[in-house]
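Raw contents of coords.cif, mmCIF, C-alpha atoms:
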data_input
#
loop_
_atom_site.group_PDB
_atom_site.id
_atom_site.type_symbol
_atom_site.label_atom_id
_atom_site.label_comp_id
_atom_site.auth_asym_id
_atom_site.auth_seq_id
_atom_site.Cartn_x
_atom_site.Cartn_y
_atom_site.Cartn_z
ATOM 1 C CA MET A 5 32.603 0.592 -27.685
ATOM 2 C CA ASN A 6 33.029 -0.284 -24.028
ATOM 3 C CA VAL A 7 30.051 -2.500 -23.216
ATOM 4 C CA ASN A 8 30.512 -2.436 -19.444
ATOM 5 C CA ASP A 9 31.187 1.252 -18.926
ATOM 6 C CA LYS A 10 31.290 3.402 -15.826
ATOM 7 C CA THR A 11 27.725 4.687 -16.250
ATOM 8 C CA LEU A 12 26.201 1.219 -16.244
ATOM 9 C CA GLN A 13 28.338 0.203 -13.294
ATOM 10 C CA ALA A 14 27.244 3.292 -11.376
ATOM 11 C CA LEU A 15 23.584 2.671 -12.232
ATOM 12 C CA ALA A 16 23.857 -0.971 -11.188
ATOM 13 C CA SER A 17 25.470 -0.165 -7.846
ATOM 14 C CA GLY A 18 22.958 2.635 -7.294
ATOM 15 C CA MET A 19 20.133 0.138 -7.755
ATOM 16 C CA LYS A 20 21.814 -2.385 -5.491
ATOM 17 C CA PHE A 21 22.154 0.178 -2.721
ATOM 18 C CA ARG A 22 18.586 1.406 -3.123
ATOM 19 C CA GLU A 23 17.424 -2.202 -2.701
ATOM 20 C CA MET A 24 19.481 -2.365 0.493
ATOM 21 C CA ARG A 25 17.949 0.902 1.646
ATOM 22 C CA GLN A 26 14.483 -0.504 0.965
ATOM 23 C CA GLU A 27 15.419 -3.468 3.148
ATOM 24 C CA MET A 28 16.590 -1.147 5.911
ATOM 25 C CA ILE A 29 13.387 0.940 5.754
ATOM 26 C CA SER A 30 11.244 -2.237 5.774
ATOM 27 C CA SER A 31 13.124 -3.297 8.870
ATOM 28 C CA ASN A 32 12.441 0.066 10.524
ATOM 29 C CA VAL A 33 8.717 -0.084 9.678
ATOM 30 C CA ALA A 34 8.409 -3.689 10.890
ATOM 31 C CA ASN A 35 10.126 -2.784 14.156
ATOM 32 C CA ALA A 36 8.270 0.489 14.690
ATOM 33 C CA GLU A 37 6.927 -0.848 17.987
ATOM 34 C CA THR A 38 9.735 -3.130 19.132
ATOM 35 C CA PRO A 39 11.024 -1.891 22.494
ATOM 36 C CA GLY A 40 14.588 -0.629 22.296
ATOM 37 C CA TYR A 41 14.848 -0.770 18.499
ATOM 38 C CA LYS A 42 16.676 2.202 16.940
ATOM 39 C CA ALA A 43 15.862 3.466 13.438
ATOM 40 C CA LYS A 44 18.691 2.638 11.035
ATOM 41 C CA ARG A 45 19.958 4.596 8.057
ATOM 42 C CA LEU A 46 22.015 3.466 5.106
ATOM 43 C CA ASP A 47 24.364 5.950 3.491
ATOM 44 C CA PHE A 48 25.894 5.015 0.155
ATOM 45 C CA GLU A 49 26.049 8.366 -1.664
ATOM 46 C CA LYS A 50 29.535 9.222 -0.391
ATOM 47 C CA ALA A 51 30.955 5.788 -1.224
ATOM 48 C CA LEU A 52 29.434 5.931 -4.709
ATOM 49 C CA ALA A 53 30.756 9.444 -5.327
ATOM 50 C CA ARG A 54 34.217 8.247 -4.325
ATOM 51 C CA ALA A 55 34.000 5.318 -6.734
ATOM 52 C CA LEU A 56 32.724 7.501 -9.569
ATOM 53 C CA ASP A 57 35.288 10.238 -8.908
ATOM 54 C CA VAL A 58 33.787 12.547 -11.530
ATOM 55 C CA ASP A 59 36.144 15.508 -10.977
ATOM 56 C CA GLY A 60 39.204 13.435 -10.098
ATOM 57 C CA GLN A 61 39.447 15.001 -6.647
ATOM 58 C CA MET A 62 38.325 12.016 -4.595
ATOM 59 C CA GLY A 63 41.004 9.414 -5.358
ATOM 60 C CA MET A 64 44.426 8.995 -3.786
ATOM 61 C CA LYS A 65 47.194 10.389 -5.948
ATOM 62 C CA VAL A 66 50.657 9.028 -6.612
ATOM 63 C CA GLU A 67 53.004 12.007 -6.301
ATOM 64 C CA ASP A 68 56.128 10.304 -5.089
ATOM 65 C CA GLY A 69 58.089 7.230 -6.170
ATOM 66 C CA GLN A 70 57.469 5.662 -2.774
ATOM 67 C CA HIS A 71 53.668 5.957 -3.052
ATOM 68 C CA TYR A 72 51.587 2.928 -3.872
ATOM 69 C CA ASP A 73 48.830 3.386 -6.393
ATOM 70 C CA VAL A 74 45.627 2.432 -4.585
ATOM 71 C CA GLY A 75 43.309 3.731 -7.289
ATOM 72 C CA ASN A 76 39.977 5.243 -6.408
ATOM 73 C CA GLY A 77 38.365 2.188 -4.869
ATOM 74 C CA GLY A 78 36.335 1.190 -7.903
ATOM 75 C CA PHE A 79 32.897 -0.366 -7.826
ATOM 76 C CA GLU A 80 33.901 -3.790 -6.515
ATOM 77 C CA ASN A 81 34.642 -2.808 -2.931
ATOM 78 C CA LEU A 82 31.826 -0.337 -2.373
ATOM 79 C CA GLU A 83 30.660 -0.492 1.218
ATOM 80 C CA PRO A 84 27.610 1.488 2.288
ATOM 81 C CA GLU A 85 27.550 2.885 5.785
ATOM 82 C CA VAL A 86 24.844 1.766 8.233
ATOM 83 C CA TYR A 87 24.233 3.801 11.330
ATOM 84 C CA GLU A 88 21.510 4.449 13.886
ATOM 85 C CA ASP A 89 19.614 7.640 13.138
ATOM 86 C CA PRO A 90 21.139 10.299 15.421
ATOM 87 C CA ASN A 91 18.089 12.581 15.020
ATOM 88 C CA GLY A 92 15.537 10.003 16.165
ATOM 89 C CA VAL A 93 13.269 10.955 19.034
ATOM 90 C CA VAL A 94 13.222 8.223 21.678
ATOM 91 C CA ASN A 95 9.727 7.271 22.803
ATOM 92 C CA GLU A 96 8.739 5.673 26.110
ATOM 93 C CA SER A 97 9.747 2.156 24.986
ATOM 94 C CA GLY A 98 13.196 3.244 23.785
ATOM 95 C CA ASN A 99 12.254 3.132 20.102
ATOM 96 C CA THR A 100 13.280 5.881 17.653
ATOM 97 C CA VAL A 101 11.239 4.921 14.567
ATOM 98 C CA ASN A 102 8.997 7.611 13.090
ATOM 99 C CA ARG A 103 6.671 5.686 10.817
ATOM 100 C CA GLU A 104 5.610 8.681 8.670
ATOM 101 C CA ASP A 105 9.234 9.592 8.110
ATOM 102 C CA GLU A 106 10.025 6.024 7.059
ATOM 103 C CA MET A 107 7.119 5.923 4.597
ATOM 104 C CA ALA A 108 8.270 9.224 3.049
ATOM 105 C CA ARG A 109 11.797 7.869 2.713
ATOM 106 C CA MET A 110 10.441 4.695 1.177
ATOM 107 C CA ALA A 111 8.441 6.645 -1.422
ATOM 108 C CA GLN A 112 11.488 8.739 -2.278
ATOM 109 C CA ASN A 113 13.681 5.654 -2.521
ATOM 110 C CA LYS A 114 11.208 3.967 -4.856
ATOM 111 C CA ILE A 115 11.070 7.000 -7.153
ATOM 112 C CA MET A 116 14.867 7.123 -7.341
ATOM 113 C CA TYR A 117 14.983 3.373 -8.004
ATOM 114 C CA ASP A 118 12.479 3.706 -10.858
ATOM 115 C CA ALA A 119 14.525 6.582 -12.239
ATOM 116 C CA LEU A 120 17.655 4.396 -12.174
ATOM 117 C CA VAL A 121 15.815 1.648 -14.049
ATOM 118 C CA GLN A 122 14.708 4.166 -16.666
ATOM 119 C CA LEU A 123 18.210 5.561 -17.037
ATOM 120 C CA THR A 124 19.589 2.039 -17.430
ATOM 121 C CA ASN A 125 17.047 1.411 -20.177
ATOM 122 C CA LYS A 126 18.002 4.643 -21.945
ATOM 123 C CA LYS A 127 21.680 3.752 -21.728
ATOM 124 C CA LEU A 128 21.038 0.241 -23.051
ATOM 125 C CA GLY A 129 18.825 1.755 -25.764
ATOM 126 C CA MET A 130 21.718 3.905 -26.924
ATOM 127 C CA LYS A 131 23.997 0.866 -27.079
ATOM 128 C CA LYS A 132 21.368 -1.060 -29.031
ATOM 129 C CA TYR A 133 21.088 1.873 -31.444
ATOM 130 C CA ILE A 134 24.845 1.879 -31.989
ATOM 131 C CA LEU A 135 24.888 -1.893 -32.577
ATOM 132 C CA ASN A 136 22.111 -1.609 -35.155
ATOM 133 C CA SER A 137 23.401 1.502 -36.947
ATOM 134 C CA GLU A 138 25.428 -0.444 -39.556
ATOM 135 C CA ARG A 139 22.338 -1.944 -41.151
ATOM 136 C CA MET B 17 18.105 -10.972 -3.394
ATOM 137 C CA ASP B 18 17.561 -7.881 -1.338
ATOM 138 C CA LEU B 19 14.012 -7.071 -2.364
ATOM 139 C CA LEU B 20 12.780 -10.538 -1.474
ATOM 140 C CA LYS B 21 14.378 -10.127 1.921
ATOM 141 C CA SER B 22 12.634 -6.756 2.341
ATOM 142 C CA MET B 23 9.350 -8.529 1.708
ATOM 143 C CA LYS B 24 10.224 -11.197 4.267
ATOM 144 C CA ILE B 25 10.991 -8.501 6.839
ATOM 145 C CA SER B 26 7.685 -6.761 6.148
ATOM 146 C CA SER B 27 5.786 -10.023 6.334
ATOM 147 C CA SER B 28 7.337 -10.654 9.749
ATOM 148 C CA GLY B 29 5.818 -7.287 10.708
ATOM 149 C CA LEU B 30 2.441 -8.462 9.397
ATOM 150 C CA ALA B 31 2.609 -11.698 11.389
ATOM 151 C CA ALA B 32 3.621 -9.920 14.601
ATOM 152 C CA ASN B 33 0.792 -7.412 14.310
ATOM 153 C CA ARG B 34 -1.714 -10.138 13.508
ATOM 154 C CA LYS B 35 -0.706 -11.886 16.737
ATOM 155 C CA ARG B 36 -1.263 -8.605 18.530
ATOM 156 C CA ILE B 37 -4.732 -8.179 17.024
ATOM 157 C CA GLU B 38 -5.528 -11.763 18.082
ATOM 158 C CA ALA B 39 -4.564 -10.958 21.675
ATOM 159 C CA ILE B 40 -6.624 -7.749 21.613
ATOM 160 C CA SER B 41 -9.657 -9.579 20.192
ATOM 161 C CA SER B 42 -9.327 -12.146 22.934
ATOM 162 C CA ASN B 43 -9.166 -9.359 25.540
ATOM 163 C CA ILE B 44 -12.298 -7.663 24.205
ATOM 164 C CA ALA B 45 -14.202 -10.955 23.908
ATOM 165 C CA ASN B 46 -13.303 -11.906 27.463
ATOM 166 C CA ALA B 47 -13.863 -8.520 29.089
ATOM 167 C CA GLN B 48 -16.603 -10.080 31.284
ATOM 168 C CA THR B 49 -15.170 -13.593 31.727
ATOM 169 C CA THR B 50 -15.002 -14.615 35.367
ATOM 170 C CA ARG B 51 -14.154 -18.310 34.976
ATOM 171 C CA THR B 52 -11.055 -19.585 33.205
ATOM 172 C CA ALA B 53 -9.235 -22.928 32.986
ATOM 173 C CA GLU B 54 -6.498 -21.706 35.307
ATOM 174 C CA GLY B 55 -9.106 -20.420 37.766
ATOM 175 C CA GLY B 56 -10.206 -16.879 38.601
ATOM 176 C CA PRO B 57 -11.202 -14.174 36.149
ATOM 177 C CA TYR B 58 -9.646 -13.798 32.675
ATOM 178 C CA ARG B 59 -6.318 -11.999 32.700
ATOM 179 C CA ARG B 60 -5.463 -9.450 30.020
ATOM 180 C CA LYS B 61 -3.091 -10.775 27.323
ATOM 181 C CA GLU B 62 -0.273 -8.723 25.926
ATOM 182 C CA VAL B 63 2.116 -9.519 23.050
ATOM 183 C CA ALA B 64 5.807 -8.699 23.479
ATOM 184 C CA PHE B 65 7.757 -7.745 20.345
ATOM 185 C CA GLY B 66 11.421 -8.467 19.768
ATOM 186 C CA SER B 67 13.750 -7.999 16.813
ATOM 187 C CA GLU B 68 16.113 -10.526 15.273
ATOM 188 C CA PRO B 69 18.533 -10.372 12.327
ATOM 189 C CA ALA B 70 16.797 -11.128 9.042
ATOM 190 C CA ARG B 71 18.680 -14.332 8.243
ATOM 191 C CA ASP B 72 16.942 -17.524 7.447
ATOM 192 C CA ASN B 73 19.601 -19.801 6.075
ATOM 193 C CA PHE B 74 23.314 -20.445 6.360
ATOM 194 C CA ALA B 75 24.139 -18.503 3.194
ATOM 195 C CA ASP B 76 22.566 -15.401 4.759
ATOM 196 C CA VAL B 77 24.721 -15.827 7.844
ATOM 197 C CA LEU B 78 27.825 -15.937 5.656
ATOM 198 C CA GLU B 79 26.713 -12.923 3.666
ATOM 199 C CA GLY B 80 28.239 -10.479 6.056
ATOM 200 C CA GLU B 81 27.835 -7.506 8.257
ATOM 201 C CA ILE B 82 25.531 -5.110 6.363
ATOM 202 C CA ASP B 83 22.702 -7.610 6.246
ATOM 203 C CA ALA B 84 22.849 -8.136 9.982
ATOM 204 C CA HIS B 85 21.491 -4.599 10.398
ATOM 205 C CA ALA B 86 18.162 -5.343 8.739
ATOM 206 C CA GLN B 87 15.993 -6.810 11.439
ATOM 207 C CA LYS B 88 12.833 -8.861 11.397
ATOM 208 C CA VAL B 89 10.279 -8.396 14.122
ATOM 209 C CA HIS B 90 8.666 -11.292 15.915
ATOM 210 C CA ALA B 91 6.106 -11.626 18.644
ATOM 211 C CA THR B 92 8.347 -13.152 21.305
ATOM 212 C CA GLU B 93 5.600 -14.220 23.672
ATOM 213 C CA VAL B 94 2.021 -13.698 24.687
ATOM 214 C CA VAL B 95 1.987 -12.844 28.355
ATOM 215 C CA SER B 96 -0.956 -12.687 30.701
ATOM 216 C CA THR B 97 -0.526 -9.514 32.677
ATOM 217 C CA ASN B 98 -0.653 -9.514 36.476
ATOM 218 C CA GLU B 99 -3.023 -6.602 36.876
ATOM 219 C CA PRO B 100 -5.282 -7.342 39.864
ATOM 220 C CA PRO B 101 -8.926 -8.030 38.989
ATOM 221 C CA ILE B 102 -11.507 -5.348 39.581
ATOM 222 C CA LEU B 103 -13.976 -6.171 42.385
ATOM 223 C CA LYS B 104 -17.515 -5.342 41.400
ATOM 224 C CA TYR B 105 -20.468 -5.491 43.774
ATOM 225 C CA ASP B 106 -23.048 -7.848 42.271
ATOM 226 C CA PRO B 107 -24.498 -10.297 44.831
ATOM 227 C CA THR B 108 -26.691 -12.037 42.225
ATOM 228 C CA HIS B 109 -23.692 -13.034 40.097
ATOM 229 C CA PRO B 110 -22.961 -16.802 40.298
ATOM 230 C CA ASP B 111 -19.260 -16.111 40.964
ATOM 231 C CA ALA B 112 -19.856 -13.550 43.696
ATOM 232 C CA ASN B 113 -17.948 -14.163 46.944
ATOM 233 C CA ALA B 114 -19.472 -14.199 50.421
ATOM 234 C CA ASP B 115 -19.508 -10.383 50.570
ATOM 235 C CA GLY B 116 -21.288 -10.127 47.214
ATOM 236 C CA TYR B 117 -18.241 -8.975 45.207
ATOM 237 C CA VAL B 118 -17.270 -10.465 41.831
ATOM 238 C CA ALA B 119 -13.678 -10.408 40.540
ATOM 239 C CA MET B 120 -13.922 -9.037 36.980
ATOM 240 C CA PRO B 121 -11.047 -8.950 34.447
ATOM 241 C CA ASN B 122 -9.099 -5.687 34.531
ATOM 242 C CA ILE B 123 -9.839 -4.779 30.913
ATOM 243 C CA ASN B 124 -10.549 -1.321 29.588
ATOM 244 C CA VAL B 125 -12.410 -1.946 26.341
ATOM 245 C CA MET B 126 -11.717 1.600 25.106
ATOM 246 C CA LYS B 127 -7.984 1.072 25.553
ATOM 247 C CA GLU B 128 -8.203 -2.252 23.715
ATOM 248 C CA MET B 129 -9.997 -0.576 20.801
ATOM 249 C CA ALA B 130 -7.325 2.127 20.645
ATOM 250 C CA ASP B 131 -4.610 -0.568 20.678
ATOM 251 C CA MET B 132 -6.432 -2.391 17.914
ATOM 252 C CA ILE B 133 -6.480 0.690 15.696
ATOM 253 C CA SER B 134 -2.772 1.192 16.332
ATOM 254 C CA ALA B 135 -2.068 -2.468 15.434
ATOM 255 C CA GLN B 136 -4.166 -2.089 12.299
ATOM 256 C CA ARG B 137 -2.192 0.979 11.209
ATOM 257 C CA ALA B 138 1.057 -0.883 11.828
ATOM 258 C CA TYR B 139 -0.269 -3.741 9.699
ATOM 259 C CA GLU B 140 -1.177 -1.333 6.900
ATOM 260 C CA ALA B 141 2.270 0.297 7.034
ATOM 261 C CA ASN B 142 3.859 -3.124 6.519
ATOM 262 C CA ILE B 143 1.453 -3.879 3.667
ATOM 263 C CA SER B 144 2.452 -0.701 1.895
ATOM 264 C CA ALA B 145 6.141 -1.552 2.454
ATOM 265 C CA ILE B 146 5.536 -4.921 0.766
ATOM 266 C CA ASN B 147 3.773 -3.203 -2.122
ATOM 267 C CA THR B 148 6.687 -0.823 -2.580
ATOM 268 C CA SER B 149 9.201 -3.705 -2.587
ATOM 269 C CA LYS B 150 7.024 -5.585 -5.037
ATOM 270 C CA SER B 151 6.698 -2.703 -7.460
ATOM 271 C CA MET B 152 10.467 -2.083 -7.274
ATOM 272 C CA ALA B 153 11.076 -5.730 -8.172
ATOM 273 C CA MET B 154 8.585 -5.495 -11.044
ATOM 274 C CA LYS B 155 10.257 -2.312 -12.256
ATOM 275 C CA ALA B 156 13.644 -4.061 -12.252
ATOM 276 C CA LEU B 157 12.207 -6.675 -14.616
ATOM 277 C CA GLU B 158 11.715 -3.897 -17.167
ATOM 278 C CA ILE B 159 15.471 -3.426 -17.597
ATOM 279 C CA GLY B 160 16.438 -4.044 -21.188
ATOM 280 C CA ARG B 161 12.909 -4.058 -22.558
#
File written out as structure tokens:
Amino acid sequence: MNVNDKTLQALASGMKFREMRQEMISSNVANAETPGYKAKRLDFEKALARALDVDGQMGMKVEDGQHYDVGNGGFENLEPEVYEDPNGVVNESGNTVNREDEMARMAQNKIMYDALVQLTNKKLGMKKYILNSER
Amino acid sequence: MDLLKSMKISSSGLAANRKRIEAISSNIANAQTTRTAEGGPYRRKEVAFGSEPARDNFADVLEGEIDAHAQKVHATEVVSTNEPPILKYDPTHPDANADGYVAMPNINVMKEMADMISAQRAYEANISAINTSKSMAMKALEIGR
């Protein structure tokens, strides 16, 4: 049995990124009235999908003897993308934060985070079950 | 840890908005003040907000680029605005000038109340952000139970 499998790695990085997103949303809420502040978004879904590479279509292939095998990135070098929200409406002080929108995103992020924790527990529960099945 | 930093960011929002409420309270309390230490009527106070990267020690600075995007807010300064005082005709007032006019602070109490409600809502939004961060951290402690 592989103790540190791909599922657990994916769950762990998902949780890490959701914590980062929480940080980003907190920053947006705290700066909702700072002149010139622009709402920031964190995108990790694409990077995570590339690392997971479920259908094998995301990685770089070695089709020629002169190609180097760069793998599919893996979970170690995952870099989320941070950008200023392009859809933000600029108010009179040059700020683009929409507080209601941020709170909705925060609620959604929390639900997804809780779901990841539950999934991790289920996965660990299965491993525990396997370890105890000999007795 | 990221969640603790989220809480720090939100608490910076709480502190900044508390400063703002302090300034508003002072404006409302002094709406009729005609004598101040610096002379003349009370001048309306306003709090300026600024953002700064959420780093508080050297390790955070080394941590890299992504974390530089999360910004704390801080009340950069409390400024007394330069709005001219309102001249009110009241010859019996002790601070009335020779023509019977008194220089009153240029404060619109209604506007201050509206600002106070807005600051209060901002405060509450930060509180609920802290609560969310807290419950995420508590949830993470359940892993492996």
Compile a residue-level contact table for chain A against chain B at a cut-off of 9 Å, reporting for every qualifying residue the shortest atom pair and its distance in Å to one decimal, with only C-alpha atoms counted, rows ordered by chain and ascending number, as CSV.
residue,atom,partner,partner_atom,distance
A:Met19,CA,B:Ala156,CA,8.9
A:Lys20,CA,B:Asp18,CA,8.1
A:Glu23,CA,B:Asp18,CA,5.8
A:Met24,CA,B:Asp18,CA,6.1
A:Gln26,CA,B:Ser22,CA,6.7
A:Glu27,CA,B:Ser22,CA,4.4
A:Met28,CA,B:Ala86,CA,5.3
A:Ile29,CA,B:Ala145,CA,8.3
A:Ser30,CA,B:Ser26,CA,5.8
A:Ser31,CA,B:Gln87,CA,5.2
A:Asn32,CA,B:Gln87,CA,7.8
A:Val33,CA,B:Asn142,CA,6.5
A:Ala34,CA,B:Gly29,CA,4.4
A:Asn35,CA,B:Val89,CA,5.6
A:Ala36,CA,B:Ala138,CA,7.9
A:Glu37,CA,B:Phe65,CA,7.3
A:Thr38,CA,B:Phe65,CA,5.2
A:Pro39,CA,B:Phe65,CA,7.0
A:Gly40,CA,B:Gly66,CA,8.8
A:Tyr41,CA,B:Ser67,CA,7.5
A:Lys44,CA,B:His85,CA,7.8
A:Glu83,CA,B:Ile82,CA,8.6
A:Pro84,CA,B:Ile82,CA,8.0
A:Glu85,CA,B:Ile82,CA,8.3
A:Val86,CA,B:Ile82,CA,7.2
A:Tyr87,CA,B:His85,CA,8.9
A:Arg103,CA,B:Ala141,CA,7.9
A:Met107,CA,B:Ala141,CA,7.8
A:Met110,CA,B:Thr148,CA,7.7
A:Ala111,CA,B:Thr148,CA,7.8
A:Lys114,CA,B:Met152,CA,6.6
A:Tyr117,CA,B:Met152,CA,7.1
A:Asp118,CA,B:Lys155,CA,6.6
A:Val121,CA,B:Ile159,CA,6.2
A:Gln122,CA,B:Ile159,CA,7.7
A:Thr124,CA,B:Ile159,CA,6.8
A:Asn125,CA,B:Gly160,CA,5.6
A:Lys126,CA,B:Gly160,CA,8.9
A:Leu128,CA,B:Gly160,CA,6.6
A:Gly129,CA,B:Gly160,CA,7.8
Selected residues written out, C-alpha atoms, as a compact mmCIF listing (two decimals), in the coordinates of the input:
# COMPACT_ATOMS: atom_id res chain seq x y z
CA MET A 19 20.13 0.14 -7.76
CA LYS A 20 21.81 -2.38 -5.49
CA GLU A 23 17.42 -2.20 -2.70
CA MET A 24 19.48 -2.37 0.49
CA GLN A 26 14.48 -0.50 0.96
CA GLU A 27 15.42 -3.47 3.15
CA MET A 28 16.59 -1.15 5.91
CA ILE A 29 13.39 0.94 5.75
CA SER A 30 11.24 -2.24 5.77
CA SER A 31 13.12 -3.30 8.87
CA ASN A 32 12.44 0.07 10.52
CA VAL A 33 8.72 -0.08 9.68
CA ALA A 34 8.41 -3.69 10.89
CA ASN A 35 10.13 -2.78 14.16
CA ALA A 36 8.27 0.49 14.69
CA GLU A 37 6.93 -0.85 17.99
CA THR A 38 9.74 -3.13 19.13
CA PRO A 39 11.02 -1.89 22.49
CA GLY A 40 14.59 -0.63 22.30
CA TYR A 41 14.85 -0.77 18.50
CA LYS A 44 18.69 2.64 11.04
CA GLU A 83 30.66 -0.49 1.22
CA PRO A 84 27.61 1.49 2.29
CA GLU A 85 27.55 2.88 5.78
CA VAL A 86 24.84 1.77 8.23
CA TYR A 87 24.23 3.80 11.33
CA ARG A 103 6.67 5.69 10.82
CA MET A 107 7.12 5.92 4.60
CA MET A 110 10.44 4.70 1.18
CA ALA A 111 8.44 6.64 -1.42
CA LYS A 114 11.21 3.97 -4.86
CA TYR A 117 14.98 3.37 -8.00
CA ASP A 118 12.48 3.71 -10.86
CA VAL A 121 15.82 1.65 -14.05
CA GLN A 122 14.71 4.17 -16.67
CA THR A 124 19.59 2.04 -17.43
CA ASN A 125 17.05 1.41 -20.18
CA LYS A 126 18.00 4.64 -21.94
CA LEU A 128 21.04 0.24 -23.05
CA GLY A 129 18.82 1.76 -25.76
ask   = In file coordinates, which residues lie within 9 Å of (-9.4, -4.5, 33.0) using only C-alpha atoms, given as a PyMOL selection string?
value = chain B and resi 43+47+59-60+99-102+120-125
message = For the provided coordinates, the residues matched by the PyMOL selection byres ((chain B and resi 50) around 12) should be stated as a ChimeraX atom specification.
response = /B:46-49,51-59,101-104,109-113,117-123
Go ahead and write the selection's residues with C-alpha atoms as a JSON list (two decimals), in the coordinates of the input.
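As a result, result.json now contains:
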[["chain", "number", "residue", "atom", "x", "y", "z"],
["B", 46, "ASN", "CA", -13.30, -11.91, 27.46],
["B", 47, "ALA", "CA", -13.86, -8.52, 29.09],
["B", 48, "GLN", "CA", -16.60, -10.08, 31.28],
["B", 49, "THR", "CA", -15.17, -13.59, 31.73],
["B", 51, "ARG", "CA", -14.15, -18.31, 34.98],
["B", 52, "THR", "CA", -11.06, -19.58, 33.20],
["B", 53, "ALA", "CA", -9.24, -22.93, 32.99],
["B", 54, "GLU", "CA", -6.50, -21.71, 35.31],
["B", 55, "GLY", "CA", -9.11, -20.42, 37.77],
["B", 56, "GLY", "CA", -10.21, -16.88, 38.60],
["B", 57, "PRO", "CA", -11.20, -14.17, 36.15],
["B", 58, "TYR", "CA", -9.65, -13.80, 32.67],
["B", 59, "ARG", "CA", -6.32, -12.00, 32.70],
["B", 101, "PRO", "CA", -8.93, -8.03, 38.99],
["B", 102, "ILE", "CA", -11.51, -5.35, 39.58],
["B", 103, "LEU", "CA", -13.98, -6.17, 42.38],
["B", 104, "LYS", "CA", -17.52, -5.34, 41.40],
["B", 109, "HIS", "CA", -23.69, -13.03, 40.10],
["B", 110, "PRO", "CA", -22.96, -16.80, 40.30],
["B", 111, "ASP", "CA", -19.26, -16.11, 40.96],
["B", 112, "ALA", "CA", -19.86, -13.55, 43.70],
["B", 113, "ASN", "CA", -17.95, -14.16, 46.94],
["B", 117, "TYR", "CA", -18.24, -8.98, 45.21],
["B", 118, "VAL", "CA", -17.27, -10.46, 41.83],
["B", 119, "ALA", "CA", -13.68, -10.41, 40.54],
["B", 120, "MET", "CA", -13.92, -9.04, 36.98],
["B", 121, "PRO", "CA", -11.05, -8.95, 34.45],
["B", 122, "ASN", "CA", -9.10, -5.69, 34.53],
["B", 123, "ILE", "CA", -9.84, -4.78, 30.91]]
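Of note, atom CA of A:Glu80 and atom CA of A:Ala43 are spaced 27.9 Å apart.
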query = Using only C-alpha atoms, which of the listed residues (A:Gly69, A:Asn95, A:Glu88, A:Leu52) sits closest to A:Leu15?
reply = A:Leu52
message = To one decimal place in Å, what is the distance between atom CA of A:Arg45 and atom CA of A:Asp89?
response =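 So the answer is 5.9 Å.
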task = Pick out the closest residue to A:Gln13 from this set: A:Ser97, A:Leu120, A:Ile115, A:Lys42. Count only C-alpha atoms.
result = A:Leu120
request  = For atom CA of A:Ala16 and atom CA of A:Ala51, quote the distance in Å rounded to one decimal.
outcome  =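 A separation of 14.0 Å between them.
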Could you give me the axis-aligned bounding box of stretch 46-58 of chain A, with 6 Å of padding per side, as centre plus edge lengths in Å to one decimal, as AutoDock Vina command-line options?
--center_x 28.7 --center_y 8.0 --center_z -3.2 --size_x 25.3 --size_y 21.1 --size_z 28.6
